[in-house]
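Note sheet for the following structure.
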Amino acid sequence: MPWALPDSDDALLRLAKGYPYAAPAGSYLYRDGDTAALSGALDPALTEGRVPVIAHGSNRAPEQIHRKFGHLSGPDSQIPVTRAWLDDHDVVYSAHMTRYGSISATLHEAPGTKVQVYVTWLTEAQVERMHETEIGAGNYGYGRVGGLTLAVEQGPALDAAYVYLSVHGCLADPEKADAPLALSAVPAEQRVHRPLDQEAALSVLHAAHHPDDTLDAMILANIKNPPQRRLLVQALQRSAVPWSVPGFELIAR
């Protein structure tokens, strides 16, 4: 099951505009709704037998992890999250609006760019739960990507990992239609795609598809009216930039 949305309009707007939410300035351990910083060399026992899944959007943030895994307790809830830098990719906006009114993220190749991501180390049971929240909504495909240069701050570099990629493609930059828009909230070096924050990205949709409404009214209408949101996503797909992540092999969708 997906996680529950808040009841009030103000809370919905904060949720929509807050994506991808704050991530700690370093690696951390999530357990029982709390986080603890991980410093120094990572204890191999923390990640042994776990699946390394790249978190490029909200899944790097403790508050989103808690929304998805807050029903678990004790060892079942424990997730090591290691900060990392990924070469030749960027984190860009997906060509869709989520059920909570945000424009979410996906990876896209960007030669020369180095982008900050996190690696969530999940048990098989936790992967199944993550599938419910990502694949279950029909917006992402899950797979393995090889040939990576992924420098994990607290441990050995990875040349392969798992990731969720948007099935909708990348949101097109209205100033350069063949290019995606990057998430300014995600740090990157030598970025080639234009970065915007969430509210500015939502304003792109507002100007192109709902100019007669206020921005807040557009967000709330698309949250509360799923058929309207599906029409918006279909419109975004018509101008989407096809995503490109070399070495990606789809496993589940």
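Each chain of the structure tokens is named A, B, ... in the order shown, its residues numbered from 1; ligands are numbered from 1 in display order.
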Give me every strand (DSSP E or B) residue in stretch 163-221 of chain A, going by DSSP on the backbone, as an MDAnalysis selection string.
chainID A and resid 163:166 170 172:173 176:180 182:183 188:189 195:196
Could you pull out the residues in stretch 59-119 of chain A that DSSP calls alpha helix (DSSP H) from the backbone, as number ranges by chain?
A: 62-69
Save the residues we just selected, C-alpha atoms, as a compact mmCIF listing (two decimals), in the first residue's frame?
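Below is the file that was written, out_27.txt:
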```
# COMPACT_ATOMS: atom_id res chain seq x y z
CA PRO A 62 14.76 10.42 6.28
CA GLU A 63 11.24 11.83 6.29
CA GLN A 64 10.36 9.96 3.09
CA ILE A 65 11.99 6.77 4.32
CA HIS A 66 9.87 7.11 7.44
CA ARG A 67 6.68 7.52 5.40
CA LYS A 68 7.44 4.25 3.64
CA PHE A 69 8.99 2.22 6.44
```
When you look at A:Ser8 with a cut-off of 12 Å (counting only C-alpha atoms), what residues show up, excluding the ones that are within fewer than 4 positions of it in the same chain? I need them as a compact mmCIF listing (two decimals) with C-alpha atoms, in the first residue's frame.
```txt
# COMPACT_ATOMS: atom_id res chain seq x y z
CA LEU A 12 -0.52 18.92 1.02
CA LEU A 13 1.10 22.04 -0.46
CA ARG A 14 4.10 21.76 1.88
CA LEU A 15 4.49 18.13 0.85
CA LEU A 220 -4.32 20.81 -5.18
CA ILE A 223 -3.78 15.86 -6.13
CA LYS A 224 -7.52 15.61 -5.54
```
Using only C-alpha atoms, find each residue in stretch 49-141 of chain A having at least one atom no more than 12 Å away from stretch 22-42 of chain A; report its shortest atom-to-atom pair and that distance in Å (one decimal), rows by chain then rising number, as CSV.
```
residue,atom,partner,partner_atom,distance
A:Ala55,CA,A:Ala23,CA,10.8
A:His56,CA,A:Ala23,CA,10.8
A:Gly57,CA,A:Ala23,CA,9.8
A:Ser58,CA,A:Ala22,CA,8.4
A:Asn59,CA,A:Ala23,CA,9.2
A:Arg60,CA,A:Ala23,CA,6.1
A:Ala61,CA,A:Ala23,CA,4.5
A:Pro62,CA,A:Ala23,CA,6.7
A:Glu63,CA,A:Ala22,CA,8.0
A:Gln64,CA,A:Ala22,CA,9.4
A:Ile65,CA,A:Tyr30,CA,8.1
A:His66,CA,A:Gly33,CA,5.9
A:Arg67,CA,A:Gly33,CA,9.3
A:Lys68,CA,A:Gly33,CA,10.6
A:Phe69,CA,A:Gly33,CA,8.4
A:Gly70,CA,A:Gly33,CA,6.1
A:His71,CA,A:Asp32,CA,8.7
A:Leu72,CA,A:Asp32,CA,7.1
A:Ser73,CA,A:Asp32,CA,5.2
A:Gly74,CA,A:Asp32,CA,6.2
A:Pro75,CA,A:Arg31,CA,7.5
A:Asp76,CA,A:Arg31,CA,8.4
A:Ser77,CA,A:Arg31,CA,5.3
A:Gln78,CA,A:Arg31,CA,4.4
A:Ile79,CA,A:Tyr30,CA,5.1
A:Pro80,CA,A:Leu29,CA,4.5
A:Val81,CA,A:Tyr28,CA,5.3
A:Thr82,CA,A:Ser27,CA,4.3
A:Arg83,CA,A:Ser27,CA,5.0
A:Ala84,CA,A:Ser27,CA,8.6
A:Trp85,CA,A:Gly26,CA,11.5
A:Gln116,CA,A:Gly26,CA,10.5
A:Val117,CA,A:Ala23,CA,10.1
A:Tyr118,CA,A:Ser27,CA,7.9
A:Val119,CA,A:Ser27,CA,9.0
A:Thr120,CA,A:Leu29,CA,9.6
A:Trp121,CA,A:Leu29,CA,9.9
A:Leu122,CA,A:Tyr30,CA,11.2
```
Just the selected residues (C-alpha atoms), exported as a tab-separated table (two decimals), in the first residue's frame, please.
```tsv
chain	number	residue	atom	x	y	z
A	55	ALA	CA	18.31	7.02	-4.02
A	56	HIS	CA	18.35	10.07	-6.28
A	57	GLY	CA	15.14	11.82	-5.15
A	58	SER	CA	13.01	11.70	-2.02
A	59	ASN	CA	14.20	8.24	-0.97
A	60	ARG	CA	17.45	9.83	0.17
A	61	ALA	CA	15.54	11.84	2.82
A	62	PRO	CA	14.76	10.42	6.28
A	63	GLU	CA	11.24	11.83	6.29
A	64	GLN	CA	10.36	9.96	3.09
A	65	ILE	CA	11.99	6.77	4.32
A	66	HIS	CA	9.87	7.11	7.44
A	67	ARG	CA	6.68	7.52	5.40
A	68	LYS	CA	7.44	4.25	3.64
A	69	PHE	CA	8.99	2.22	6.44
A	70	GLY	CA	7.63	3.85	9.60
A	71	HIS	CA	5.31	0.90	10.22
A	72	LEU	CA	8.36	-1.32	10.86
A	73	SER	CA	10.29	-1.54	14.12
A	74	GLY	CA	13.57	-2.89	15.45
A	75	PRO	CA	15.93	-4.66	13.03
A	76	ASP	CA	13.20	-4.82	10.37
A	77	SER	CA	13.20	-1.02	10.19
A	78	GLN	CA	16.97	-0.54	9.98
A	79	ILE	CA	18.31	0.97	6.74
A	80	PRO	CA	21.90	2.17	6.24
A	81	VAL	CA	21.98	5.14	3.85
A	82	THR	CA	25.40	6.07	2.46
A	83	ARG	CA	26.13	9.29	0.62
A	84	ALA	CA	27.89	8.86	-2.74
A	85	TRP	CA	28.95	10.68	-5.89
A	116	GLN	CA	25.44	13.53	-5.27
A	117	VAL	CA	23.18	10.56	-4.60
A	118	TYR	CA	22.66	8.20	-1.69
A	119	VAL	CA	22.68	4.42	-1.56
A	120	THR	CA	19.93	2.82	0.49
A	121	TRP	CA	21.02	-0.65	1.59
A	122	LEU	CA	17.79	-2.66	1.66
```
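For the residues A:Ala16, A:Leu86, A:Leu196, A:Val186, ranking by smallest atom-to-atom distance to A:Leu215 using only C-alpha atoms places A:Ala16 first.
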Shell of 12 Å around A:Gly143, only C-alpha atoms, local chain residues under 2 positions omitted, as JSON, numbers by chain
{"A": [51, 52, 53, 54, 127, 131, 135, 140, 141, 145, 146, 160, 161, 162, 163, 164, 165, 166, 167, 245, 246, 247, 248, 249, 250, 251, 252, 253]}
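Shortest atom-to-atom contact with A:Ser104 among A:Ala125, A:Cys170, A:Ala221, A:Ala207: A:Cys170, counting only C-alpha atoms.
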Å distance separating atom CA of A:Ala172 from atom CA of A:Ala95, one decimal place:
7.5 Å
For atom CA of A:Val115 and atom CA of A:Ile103, determine how far apart the two atoms are, in Å to one decimal place.
18.8 Å
